[in-house]
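Source file: upload.cif; contents: mmCIF, C-alpha atoms.
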```
data_data
#
loop_
_atom_site.label_atom_id
_atom_site.label_comp_id
_atom_site.auth_asym_id
_atom_site.auth_seq_id
_atom_site.Cartn_x
_atom_site.Cartn_y
_atom_site.Cartn_z
CA MET A 1290 109.75 -12.90 18.18
CA SER A 1291 112.40 -14.23 15.82
CA SER A 1292 115.09 -16.74 16.78
CA ASP A 1293 117.76 -14.37 15.38
CA ASP A 1294 116.88 -11.55 17.79
CA VAL A 1295 119.98 -10.14 19.49
CA LEU A 1296 118.11 -9.07 22.62
CA ARG A 1297 114.81 -10.43 23.91
CA LEU A 1298 112.74 -9.63 26.97
CA GLU A 1299 110.05 -12.27 27.44
CA GLY A 1300 107.23 -11.92 29.96
CA VAL A 1301 109.29 -9.54 32.09
CA SER A 1302 107.62 -8.17 35.22
CA HIS A 1303 109.31 -6.20 37.96
CA ALA A 1304 108.36 -4.41 41.17
CA PHE A 1305 110.00 -2.12 43.67
CA GLY A 1306 108.28 -2.95 46.94
CA ASP A 1307 104.55 -2.82 46.28
CA THR A 1308 104.96 -0.77 43.11
CA ARG A 1309 104.79 -2.82 39.92
CA VAL A 1310 106.91 -1.00 37.33
CA LEU A 1311 106.90 -3.62 34.54
CA ASP A 1312 104.00 -5.90 33.74
CA ASP A 1313 104.48 -8.79 31.28
CA VAL A 1314 106.77 -6.87 28.92
CA ASN A 1315 107.85 -8.53 25.67
CA ILE A 1316 110.46 -6.75 23.55
CA ASP A 1317 112.85 -7.93 20.85
CA ALA A 1318 115.74 -6.18 19.14
CA LYS A 1319 117.08 -7.45 15.82
CA PRO A 1320 120.65 -7.41 14.48
CA GLY A 1321 121.78 -3.85 13.73
CA GLU A 1322 118.43 -2.38 14.76
CA LEU A 1323 118.00 0.83 16.70
CA LEU A 1324 115.02 0.19 18.97
CA CYS A 1325 113.59 2.99 21.10
CA LEU A 1326 111.72 2.62 24.40
CA LEU A 1327 109.41 5.63 24.53
CA GLY A 1328 107.04 6.72 27.25
CA PRO A 1329 106.35 9.18 30.05
CA SER A 1330 108.40 9.36 33.24
CA GLY A 1331 107.71 6.37 35.48
CA CYS A 1332 106.46 4.09 32.71
CA GLY A 1333 109.21 1.49 33.31
CA LYS A 1334 111.42 2.09 30.28
CA THR A 1335 114.63 2.75 32.24
CA THR A 1336 113.96 -0.27 34.47
CA ALA A 1337 113.69 -2.42 31.33
CA LEU A 1338 117.04 -1.04 30.15
CA ARG A 1339 118.70 -1.71 33.52
CA LEU A 1340 117.38 -5.27 33.54
CA ALA A 1341 118.79 -5.82 30.06
CA ALA A 1342 122.15 -4.46 31.23
CA GLY A 1343 122.15 -6.64 34.35
CA ILE A 1344 122.19 -3.68 36.73
CA GLU A 1345 118.91 -4.91 38.23
CA GLU A 1346 118.21 -8.57 38.95
CA LEU A 1347 115.23 -10.01 37.10
CA GLN A 1348 112.25 -11.05 39.19
CA GLN A 1349 109.97 -12.60 36.57
CA GLY A 1350 110.36 -13.59 32.91
CA ARG A 1351 113.47 -14.19 30.83
CA ILE A 1352 116.12 -12.12 29.04
CA THR A 1353 118.30 -13.52 26.28
CA LEU A 1354 121.29 -12.07 24.42
CA ALA A 1355 122.23 -13.67 21.11
CA GLY A 1356 120.12 -16.70 22.04
CA GLN A 1357 121.73 -17.22 25.47
CA THR A 1358 119.69 -16.72 28.62
CA VAL A 1359 121.34 -14.07 30.79
CA ALA A 1360 118.52 -13.47 33.26
CA ALA A 1361 115.70 -15.56 34.68
CA PRO A 1362 114.44 -16.28 38.20
CA GLY A 1363 117.47 -17.76 39.96
CA LEU A 1364 119.84 -16.86 37.10
CA HIS A 1365 121.76 -13.58 36.84
CA VAL A 1366 124.70 -13.12 34.48
CA PRO A 1367 126.56 -9.98 35.69
CA PRO A 1368 126.81 -6.92 33.42
CA GLU A 1369 130.50 -7.43 32.60
CA ARG A 1370 129.72 -10.84 31.11
CA ARG A 1371 126.76 -9.78 28.97
CA SER A 1372 128.60 -8.00 26.12
CA VAL A 1373 126.55 -4.86 26.55
CA GLY A 1374 127.71 -1.25 26.46
CA MET A 1375 125.78 1.42 28.33
CA VAL A 1376 125.64 5.20 28.14
CA PHE A 1377 124.05 6.61 31.28
CA GLN A 1378 121.94 9.76 31.42
CA ASP A 1379 124.70 11.65 33.28
CA TYR A 1380 127.44 9.91 31.17
CA ALA A 1381 129.18 8.63 34.40
CA LEU A 1382 132.68 9.52 33.20
CA PHE A 1383 135.47 9.12 35.75
CA PRO A 1384 136.57 12.70 36.58
CA HIS A 1385 140.09 11.67 37.64
CA LEU A 1386 140.83 9.82 34.39
CA SER A 1387 141.73 11.31 31.03
CA VAL A 1388 139.44 10.79 28.06
CA MET A 1389 141.74 8.06 26.75
CA ARG A 1390 141.79 6.24 30.08
CA ASN A 1391 138.02 6.56 30.43
CA VAL A 1392 137.57 4.82 27.10
CA GLN A 1393 140.16 2.17 27.96
CA PHE A 1394 138.39 1.34 31.23
CA GLY A 1395 136.28 -1.53 29.85
CA LEU A 1396 139.14 -3.12 27.88
CA SER A 1397 140.90 -4.91 30.74
CA ASP A 1398 141.13 -8.18 28.80
CA LEU A 1399 143.55 -6.56 26.29
CA ASP A 1400 147.22 -5.70 26.79
CA ALA A 1401 148.22 -2.03 27.11
CA ALA A 1402 149.05 -1.51 23.43
CA ALA A 1403 145.85 -3.17 22.25
CA ARG A 1404 143.80 -1.14 24.76
CA ARG A 1405 145.24 2.12 23.52
CA LYS A 1406 144.71 1.13 19.87
CA ARG A 1407 141.07 0.12 20.39
CA ALA A 1408 140.31 3.19 22.52
CA GLY A 1409 141.83 5.40 19.82
CA GLU A 1410 139.61 3.75 17.19
CA ALA A 1411 136.52 4.33 19.34
CA LEU A 1412 137.42 8.00 19.88
CA GLU A 1413 137.93 8.40 16.15
CA GLN A 1414 134.46 6.91 15.58
CA VAL A 1415 132.90 9.73 17.59
CA GLY A 1416 135.20 12.52 16.38
CA MET A 1417 137.10 12.92 19.66
CA SER A 1418 140.59 11.76 18.67
CA ALA A 1419 142.13 15.12 19.54
CA TYR A 1420 140.89 14.99 23.16
CA GLY A 1421 142.56 11.84 24.45
CA ASP A 1422 144.64 13.70 27.04
CA SER A 1423 141.81 15.97 28.21
CA PHE A 1424 139.79 15.41 31.37
CA PRO A 1425 135.97 15.32 31.54
CA HIS A 1426 135.67 18.72 33.28
CA MET A 1427 137.46 20.31 30.31
CA LEU A 1428 134.78 19.13 27.87
CA SER A 1429 131.38 20.47 26.88
CA GLY A 1430 128.25 18.42 27.51
CA GLY A 1431 128.16 17.26 23.91
CA GLN A 1432 131.82 16.21 24.02
CA GLN A 1433 131.25 14.28 27.25
CA GLN A 1434 128.35 12.48 25.62
CA ARG A 1435 130.58 11.45 22.71
CA VAL A 1436 133.27 10.18 25.07
CA ALA A 1437 130.66 8.13 26.95
CA LEU A 1438 129.51 6.69 23.63
CA ALA A 1439 133.10 5.84 22.67
CA ARG A 1440 133.63 4.09 26.01
CA ALA A 1441 130.47 2.03 25.48
CA LEU A 1442 131.44 1.09 21.90
CA ALA A 1443 135.13 0.33 22.59
CA PRO A 1444 134.59 -3.28 23.78
CA GLN A 1445 132.51 -3.90 20.62
CA PRO A 1446 129.43 -5.04 22.52
CA ARG A 1447 126.62 -7.09 21.03
CA VAL A 1448 124.11 -4.55 22.36
CA LEU A 1449 124.42 -0.83 23.09
CA LEU A 1450 122.08 0.64 25.72
CA LEU A 1451 121.49 4.40 25.98
CA ASP A 1452 119.45 5.93 28.81
CA GLU A 1453 118.13 9.41 27.87
CA PRO A 1454 121.58 10.25 26.44
CA PHE A 1455 120.61 13.71 25.12
CA SER A 1456 118.42 15.00 27.94
CA GLY A 1457 121.14 17.18 29.49
CA LEU A 1458 121.87 19.10 26.28
CA ASP A 1459 120.25 22.32 25.06
CA SER A 1460 117.84 21.96 22.14
CA ASN A 1461 120.18 23.05 19.32
CA LEU A 1462 123.08 20.92 20.56
CA ARG A 1463 120.75 17.99 21.23
CA ALA A 1464 119.63 17.91 17.59
CA HIS A 1465 123.25 17.99 16.39
CA ILE A 1466 124.53 15.34 18.82
CA ARG A 1467 121.68 12.92 18.26
CA ASP A 1468 122.28 13.12 14.50
CA GLU A 1469 125.98 12.35 15.05
CA THR A 1470 125.09 9.52 17.44
CA LEU A 1471 122.64 8.02 14.95
CA HIS A 1472 125.33 7.86 12.26
CA VAL A 1473 127.97 6.45 14.62
CA VAL A 1474 125.65 3.74 15.91
CA LYS A 1475 124.41 2.79 12.46
CA ASP A 1476 127.95 2.72 11.05
CA SER A 1477 129.03 0.44 13.90
CA GLY A 1478 126.25 -2.04 13.12
CA THR A 1479 125.62 -2.50 16.84
CA THR A 1480 122.12 -3.41 17.95
CA THR A 1481 121.00 -0.45 20.05
CA LEU A 1482 118.29 0.15 22.63
CA ILE A 1483 117.67 3.79 23.50
CA VAL A 1484 115.34 5.22 26.18
CA THR A 1485 113.65 8.57 25.70
CA HIS A 1486 110.49 10.44 26.70
CA ASP A 1487 110.68 12.64 23.57
CA PRO A 1488 108.44 11.40 20.69
CA GLU A 1489 110.23 13.51 18.07
CA GLU A 1490 113.58 12.11 19.17
CA ALA A 1491 112.24 8.56 18.99
CA MET A 1492 110.84 9.08 15.49
CA TYR A 1493 114.12 10.63 14.34
CA MET A 1494 116.37 7.92 15.77
CA ALA A 1495 114.52 4.62 15.78
CA ASP A 1496 113.93 1.83 13.30
CA ARG A 1497 111.10 0.71 15.58
CA ILE A 1498 109.55 2.28 18.66
CA VAL A 1499 108.21 0.54 21.76
CA VAL A 1500 105.57 2.79 23.34
CA MET A 1501 105.23 2.11 27.06
CA ASN A 1502 102.75 3.29 29.68
CA GLU A 1503 102.38 2.29 33.33
CA GLY A 1504 104.72 -0.68 32.95
CA ARG A 1505 103.05 -2.12 29.86
CA VAL A 1506 103.84 -2.09 26.15
CA GLU A 1507 101.08 -0.22 24.31
CA GLN A 1508 102.38 -0.70 20.75
CA ILE A 1509 105.55 -1.66 18.86
CA ALA A 1510 105.91 -0.45 15.28
CA ILE A 1511 107.96 1.60 12.86
CA PRO A 1512 107.62 5.39 13.44
CA ASP A 1513 105.34 6.00 10.46
CA LYS A 1514 102.89 3.28 11.48
CA LEU A 1515 102.79 4.48 15.10
CA TYR A 1516 101.90 7.99 14.01
CA CYS A 1517 99.44 7.09 11.26
CA GLU A 1518 97.94 3.91 12.76
CA PRO A 1519 98.05 4.31 16.56
CA ALA A 1520 96.69 1.34 18.50
CA ASN A 1521 94.81 3.36 21.09
CA ALA A 1522 94.14 6.81 22.52
CA PHE A 1523 97.28 6.82 24.65
CA VAL A 1524 99.59 6.27 21.67
CA THR A 1525 97.69 8.89 19.65
CA THR A 1526 97.95 11.58 22.31
CA PHE A 1527 101.57 10.80 23.21
CA PHE A 1528 102.79 11.69 19.72
CA SER A 1529 101.02 15.03 19.45
CA SER A 1530 98.48 17.31 21.02
CA ILE A 1531 94.95 16.40 19.92
CA ASN A 1532 91.45 17.79 19.59
CA ARG A 1533 89.02 15.53 21.45
CA LEU A 1534 85.32 15.04 20.84
CA GLU A 1535 83.01 12.59 22.64
CA GLY A 1536 80.11 10.89 20.92
CA ARG A 1537 77.99 7.77 20.43
CA VAL A 1538 78.32 5.20 17.68
CA ARG A 1539 75.27 5.25 15.41
CA GLY A 1540 75.26 3.06 12.34
CA GLY A 1541 79.01 2.51 12.63
CA MET A 1542 79.72 6.26 12.63
CA VAL A 1543 80.27 9.11 15.09
CA ALA A 1544 78.99 12.62 14.40
CA THR A 1545 81.42 15.56 14.30
CA PRO A 1546 81.01 19.19 13.16
CA PHE A 1547 82.66 18.08 9.91
CA GLY A 1548 80.27 15.22 9.24
CA LEU A 1549 80.29 11.54 10.16
CA VAL A 1550 83.52 9.63 10.75
CA PRO A 1551 83.78 5.82 10.77
CA ALA A 1552 84.02 3.99 14.10
CA PRO A 1553 85.38 0.59 13.07
CA ASN A 1554 84.91 -2.33 15.47
CA LEU A 1555 82.87 -0.29 17.96
CA ALA A 1556 79.49 -1.55 19.06
CA GLU A 1557 76.28 0.27 18.20
CA GLY A 1558 75.52 2.87 20.88
CA ALA A 1559 78.99 2.65 22.44
CA ARG A 1560 80.57 5.79 23.85
CA ALA A 1561 83.49 6.86 21.70
CA GLU A 1562 86.13 9.55 21.57
CA VAL A 1563 87.18 11.12 18.30
CA LEU A 1564 90.80 12.31 18.32
CA MET A 1565 91.88 14.80 15.67
CA ARG A 1566 95.45 15.99 15.32
CA PRO A 1567 95.82 19.78 14.91
CA GLU A 1568 97.25 19.26 11.43
CA ALA A 1569 94.03 17.41 10.49
CA LEU A 1570 92.09 20.68 10.66
CA ARG A 1571 92.45 22.62 7.40
CA VAL A 1572 91.64 26.31 7.82
CA THR A 1573 90.67 28.69 5.01
CA PRO A 1574 89.01 32.14 5.01
CA LEU A 1575 85.21 31.92 5.02
CA GLU A 1576 83.93 33.63 1.91
CA GLY A 1577 80.30 33.02 1.10
CA ALA A 1578 78.75 29.60 1.62
CA LEU A 1579 80.53 26.87 3.57
CA PRO A 1580 82.22 24.23 1.38
CA ASP A 1581 80.83 20.70 1.64
CA GLY A 1582 82.09 18.93 4.76
CA ALA A 1583 83.35 22.15 6.36
CA ALA A 1584 82.41 23.70 9.68
CA ALA A 1585 82.33 27.39 10.51
CA ALA A 1586 84.54 28.73 13.30
CA HIS A 1587 85.99 32.01 14.45
CA VAL A 1588 89.62 32.63 15.34
CA LEU A 1589 90.49 33.17 18.99
CA ASP A 1590 94.23 33.58 18.43
CA ALA A 1591 97.05 32.67 16.04
CA ARG A 1592 100.69 32.16 16.90
CA MET A 1593 103.78 31.36 14.83
CA LEU A 1594 105.53 28.25 16.17
CA ARG A 1595 108.75 27.87 14.18
CA ARG A 1596 107.72 26.14 10.92
CA ALA A 1597 103.93 26.25 11.44
CA SER A 1598 101.10 28.52 12.49
CA PHE A 1599 99.07 27.41 15.52
CA ILE A 1600 95.47 28.65 15.44
CA HIS A 1601 92.95 28.59 18.30
CA LEU A 1602 89.44 28.05 16.96
CA CYS A 1603 86.00 28.34 18.54
CA PHE A 1604 83.17 26.32 16.98
CA GLY A 1605 80.58 27.17 19.62
CA ALA A 1606 78.35 24.35 20.82
CA PHE A 1607 78.03 20.96 19.14
CA GLU A 1608 75.63 18.40 20.64
CA GLY A 1609 75.99 20.02 24.04
CA GLN A 1610 79.81 20.33 23.90
CA HIS A 1611 81.62 23.66 23.69
CA LEU A 1612 84.37 23.13 21.11
CA HIS A 1613 87.68 24.96 21.35
CA PHE A 1614 89.98 23.23 18.86
CA HIS A 1615 93.52 23.87 17.62
CA SER A 1616 94.82 23.78 14.07
CA ARG A 1617 98.46 23.56 13.00
CA VAL A 1618 99.00 24.98 9.52
CA PRO A 1619 102.37 24.57 7.71
CA GLY A 1620 104.18 27.83 7.04
CA ARG A 1621 102.88 31.27 7.91
CA TYR A 1622 99.11 31.74 8.08
CA MET A 1623 98.06 34.34 10.65
CA PRO A 1624 94.34 35.15 10.58
CA GLN A 1625 93.19 37.92 12.90
CA THR A 1626 91.32 37.36 16.15
CA GLY A 1627 87.60 37.27 15.34
CA ASP A 1628 88.04 36.25 11.70
CA HIS A 1629 85.46 33.74 10.45
CA VAL A 1630 87.00 30.69 8.81
CA ALA A 1631 85.96 27.43 7.19
CA VAL A 1632 87.49 24.28 8.70
CA THR A 1633 87.62 20.89 7.03
CA LEU A 1634 88.85 17.63 8.52
CA GLU A 1635 91.50 15.32 7.10
CA ARG A 1636 90.18 11.84 7.92
CA ALA A 1637 93.65 10.20 7.77
CA GLN A 1638 94.69 12.09 10.92
CA THR A 1639 91.42 11.38 12.76
CA PHE A 1640 91.06 8.37 15.07
CA VAL A 1641 88.08 6.88 16.89
CA PHE A 1642 88.49 4.75 20.02
CA PRO A 1643 86.12 3.42 22.67
CA MET A 1644 85.74 5.75 25.62
CA THR A 1645 87.80 4.39 28.51
CA GLU A 1646 87.10 4.88 32.19
CA LYS A 1647 90.04 7.28 32.31
CA GLY A 1648 88.60 9.22 29.43
CA ALA A 1649 85.08 9.21 30.91
#
```
Could you rewrite the structure in this file as structure tokens?
Amino acid sequence: MSSDDVLRLEGVSHAFGDTRVLDDVNIDAKPGELLCLLGPSGCGKTTALRLAAGIEELQQGRITLAGQTVAAPGLHVPPERRSVGMVFQDYALFPHLSVMRNVQFGLSDLDAAARRKRAGEALEQVGMSAYGDSFPHMLSGGQQQRVALARALAPQPRVLLLDEPFSGLDSNLRAHIRDETLHVVKDSGTTTLIVTHDPEEAMYMADRIVVMNEGRVEQIAIPDKLYCEPANAFVTTFFSSINRLEGRVRGGMVATPFGLVPAPNLAEGARAEVLMRPEALRVTPLEGALPDGAAAAHVLDARMLRRASFIHLCFGAFEGQHLHFHSRVPGRYMPQTGDHVAVTLERAQTFVFPMTEKGA
């Protein structure tokens, strides 16, 4: 971790009763960075956010903001003194206050004129200047989200924290609002930590992603590296559906219907799992002899899923395993049920990991 990190969580562990929800978590956020905490429900990401905000008291480890310790065992700087802004999942707007007064709420250290000026600037940032006199119940979900963002940005915090801010929006509105939010946050230059369980959202929004599982950090990297160089099977499967094949390492390789694939750093004879993304399977009509490195399959079904075709393939038996794999083909490619096809494997989207007890 760098000394110029705006926010740092060092060795943070936390439990609710006998349930350990964070286990030795280390996270850093750099100036102006949008960092995403990504993981399934219950993985500890929201708890990490609440600890950073000061809503929960830290049990173990240390949290610093701009180099100053704000949380440690026996030390708890309250949220209002941390220079953090937070957007909650349900936005938490005050229903009895107008939009303008909601945004002014965290500006108590300014006089009335300065409060109104700063709140107006924050509303302009999010495109809600015309709604200052409206009340939350008069707004759509997307408008409420923008008001909550304006309220969080108005005090000009060092760090902005967002907890699943788009989860309550329908899919089309969610895409539009998250794009607006990304531009607002980046234009503000505020270091931002956002929690989500949606891998596509994380890849769209984040400069770096922290993948969490069962209270631990699995991998921290830029989106492209996480997708193309996952650290383990959990990270691989969290970012997309996968085709899974079990095997044994022989001569540094594992056998597949498409030929041998490398198994780097795995011991000879070790049990391994080969994970292949659907887009790694290239499907073409089978005409004559199989091309080199291809495997024969027949089509069980084909469906159009927005911008790609999703094809169910049966390869029959391979080393005692019945293989039913999926292929995702860009654009429209709709072979008929029963068609025989040739399938080749793109090695760049194929990953080999040791077989874990959970995978056994």
So how many Å separate atom CA of A:Thr1335 and atom CA of A:Gly1350, to one decimal? 16.9 Å
Please provide as a ChimeraX atom specification all residues within 10 Å of A:Arg1297, with the sequence filter that same-chain residues fewer than 3 positions apart are discarded (counting all atoms listed in the file). /A:1290-1294,1300-1301,1315-1319,1341,1351-1358
What's around A:Lys1406 at 12 Å? Count all atoms listed in the file, leave out sequence neighbours fewer than 5 positions away in its own chain, and write the answer as a ChimeraX atom specification. /A:1389-1390,1392-1393,1396,1399-1401,1411-1413,1418,1421,1443-1444
Could you save the residues just selected, with C-alpha atoms, as a PDB file, keeping the file's coordinate frame?
```
ATOM      1  CA  MET A1389     141.740   8.060  26.750  1.00  0.00           C
ATOM      2  CA  ARG A1390     141.790   6.240  30.080  1.00  0.00           C
ATOM      3  CA  VAL A1392     137.570   4.820  27.100  1.00  0.00           C
ATOM      4  CA  GLN A1393     140.160   2.170  27.960  1.00  0.00           C
ATOM      5  CA  LEU A1396     139.140  -3.120  27.880  1.00  0.00           C
ATOM      6  CA  LEU A1399     143.550  -6.560  26.290  1.00  0.00           C
ATOM      7  CA  ASP A1400     147.220  -5.700  26.790  1.00  0.00           C
ATOM      8  CA  ALA A1401     148.220  -2.030  27.110  1.00  0.00           C
ATOM      9  CA  ALA A1411     136.520   4.330  19.340  1.00  0.00           C
ATOM     10  CA  LEU A1412     137.420   8.000  19.880  1.00  0.00           C
ATOM     11  CA  GLU A1413     137.930   8.400  16.150  1.00  0.00           C
ATOM     12  CA  SER A1418     140.590  11.760  18.670  1.00  0.00           C
ATOM     13  CA  GLY A1421     142.560  11.840  24.450  1.00  0.00           C
ATOM     14  CA  ALA A1443     135.130   0.330  22.590  1.00  0.00           C
ATOM     15  CA  PRO A1444     134.590  -3.280  23.780  1.00  0.00           C
TER      16      PRO A1444
END
```
Which is closest to A:Glu1518 among A:Asp1312, A:Gln1378, A:Arg1539, A:Ala1637, if we use all atoms listed in the file? A:Ala1637
Go through A:Phe1383, A:Leu1634, A:Thr1573, A:Leu1602 and flag the residue nearest A:Leu1549, using only C-alpha atoms for the distances. A:Leu1634
Give the answer as one residue: which of A:Gln1638, A:Leu1570, A:Phe1424, A:Leu1326 has the shortest atom-to-atom distance to A:Val1499, using all atoms listed in the file?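 Nearest candidate to A:Val1499 out of A:Gln1638, A:Leu1570, A:Phe1424, A:Leu1326: A:Leu1326.
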The PyMOL selection byres ((chain A and resi 1553) around 12) resolved against shown file, as an MDAnalysis selection string: chainID A and resid 1538:1543 1550:1552 1554:1557 1559 1561 1563 1640:1643
Restricting it to C-alpha atoms, dump the selection as a CSV table (one decimal), keeping the file's coordinate frame.
```csv
chain,number,residue,atom,x,y,z
A,1538,VAL,CA,78.3,5.2,17.7
A,1539,ARG,CA,75.3,5.2,15.4
A,1540,GLY,CA,75.3,3.1,12.3
A,1541,GLY,CA,79.0,2.5,12.6
A,1542,MET,CA,79.7,6.3,12.6
A,1543,VAL,CA,80.3,9.1,15.1
A,1550,VAL,CA,83.5,9.6,10.8
A,1551,PRO,CA,83.8,5.8,10.8
A,1552,ALA,CA,84.0,4.0,14.1
A,1554,ASN,CA,84.9,-2.3,15.5
A,1555,LEU,CA,82.9,-0.3,18.0
A,1556,ALA,CA,79.5,-1.6,19.1
A,1557,GLU,CA,76.3,0.3,18.2
A,1559,ALA,CA,79.0,2.6,22.4
A,1561,ALA,CA,83.5,6.9,21.7
A,1563,VAL,CA,87.2,11.1,18.3
A,1640,PHE,CA,91.1,8.4,15.1
A,1641,VAL,CA,88.1,6.9,16.9
A,1642,PHE,CA,88.5,4.8,20.0
A,1643,PRO,CA,86.1,3.4,22.7
```
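In this comparison, which uses all atoms listed in the file, the residue of A:Arg1435, A:His1587, A:His1426, A:His1385 approaching A:Gly1605 most closely is A:His1587.
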Compile the contact shell of stretch 1468-1484 of chain A as JSON, numbers by chain: residues with an atom at most 9 Å away, counting only C-alpha atoms, same-chain residues fewer than 3 positions apart removed. {"A": [1295, 1296, 1318, 1319, 1320, 1321, 1322, 1323, 1324, 1325, 1326, 1327, 1328, 1334, 1335, 1338, 1414, 1415, 1435, 1438, 1442, 1445, 1446, 1447, 1448, 1449, 1450, 1451, 1452, 1453, 1454, 1463, 1464, 1465, 1491, 1493, 1494, 1495]}
Could you check the closest approach to A:Thr1626 for each of A:Glu1608, A:Glu1568, A:Asp1422, A:Asp1590 and tell me which residue wins, using only C-alpha atoms? A:Asp1590
One number please: atom CA of A:Arg1309 to atom CA of A:Pro1368, in Å, one decimal.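 Distance reported for this atom pair: 23.3 Å.
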Please report the interatomic distance between atom CA of A:Ser1372 and atom CA of A:Ala1437 in Å with one decimal.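 Taking atom CA of A:Ser1372 and atom CA of A:Ala1437, their separation equals 16.3 Å.
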All residues 8 Å or closer to A:Ile1509, all atoms listed in the file, same chain fewer than 4 positions away omitted, as a ChimeraX atom specification: /A:1497-1500,1515
Take the residues just selected and output them with C-alpha atoms as a PDB file, in the coordinates of the input.
```
ATOM      1  CA  ARG A1497     111.100   0.710  15.580  1.00  0.00           C
ATOM      2  CA  ILE A1498     109.550   2.280  18.660  1.00  0.00           C
ATOM      3  CA  VAL A1499     108.210   0.540  21.760  1.00  0.00           C
ATOM      4  CA  VAL A1500     105.570   2.790  23.340  1.00  0.00           C
ATOM      5  CA  LEU A1515     102.790   4.480  15.100  1.00  0.00           C
TER       6      LEU A1515
END
```
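When all atoms listed in the file are used to measure the gap to A:Arg1533, the shortest distance among A:Gly1504, A:Gly1409, A:Pro1580, A:Pro1567 belongs to A:Pro1567.
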Do you know which residues the PyMOL selection byres ((chain A and resi 1581) around 10) returns on this file, as a PyMOL selection string? chain A and resi 1547-1548+1578-1580+1582-1584+1633
Once the PyMOL selection byres ((chain A and resi 1362-1365) around 10) has been evaluated on this model, what residues remain selected, and can you format them as number ranges by chain? A: 1340, 1343-1352, 1358-1361, 1366-1368
Can you tell me which residues surround A:Leu1612 at a distance of at most 12 Å, considering all atoms listed in the file, apart from same-chain residues fewer than 5 positions away, and format the answer as JSON, numbers by chain? {"A": [1532, 1533, 1534, 1535, 1545, 1546, 1584, 1585, 1586, 1587, 1589, 1601, 1602, 1603, 1604, 1605, 1606, 1607]}
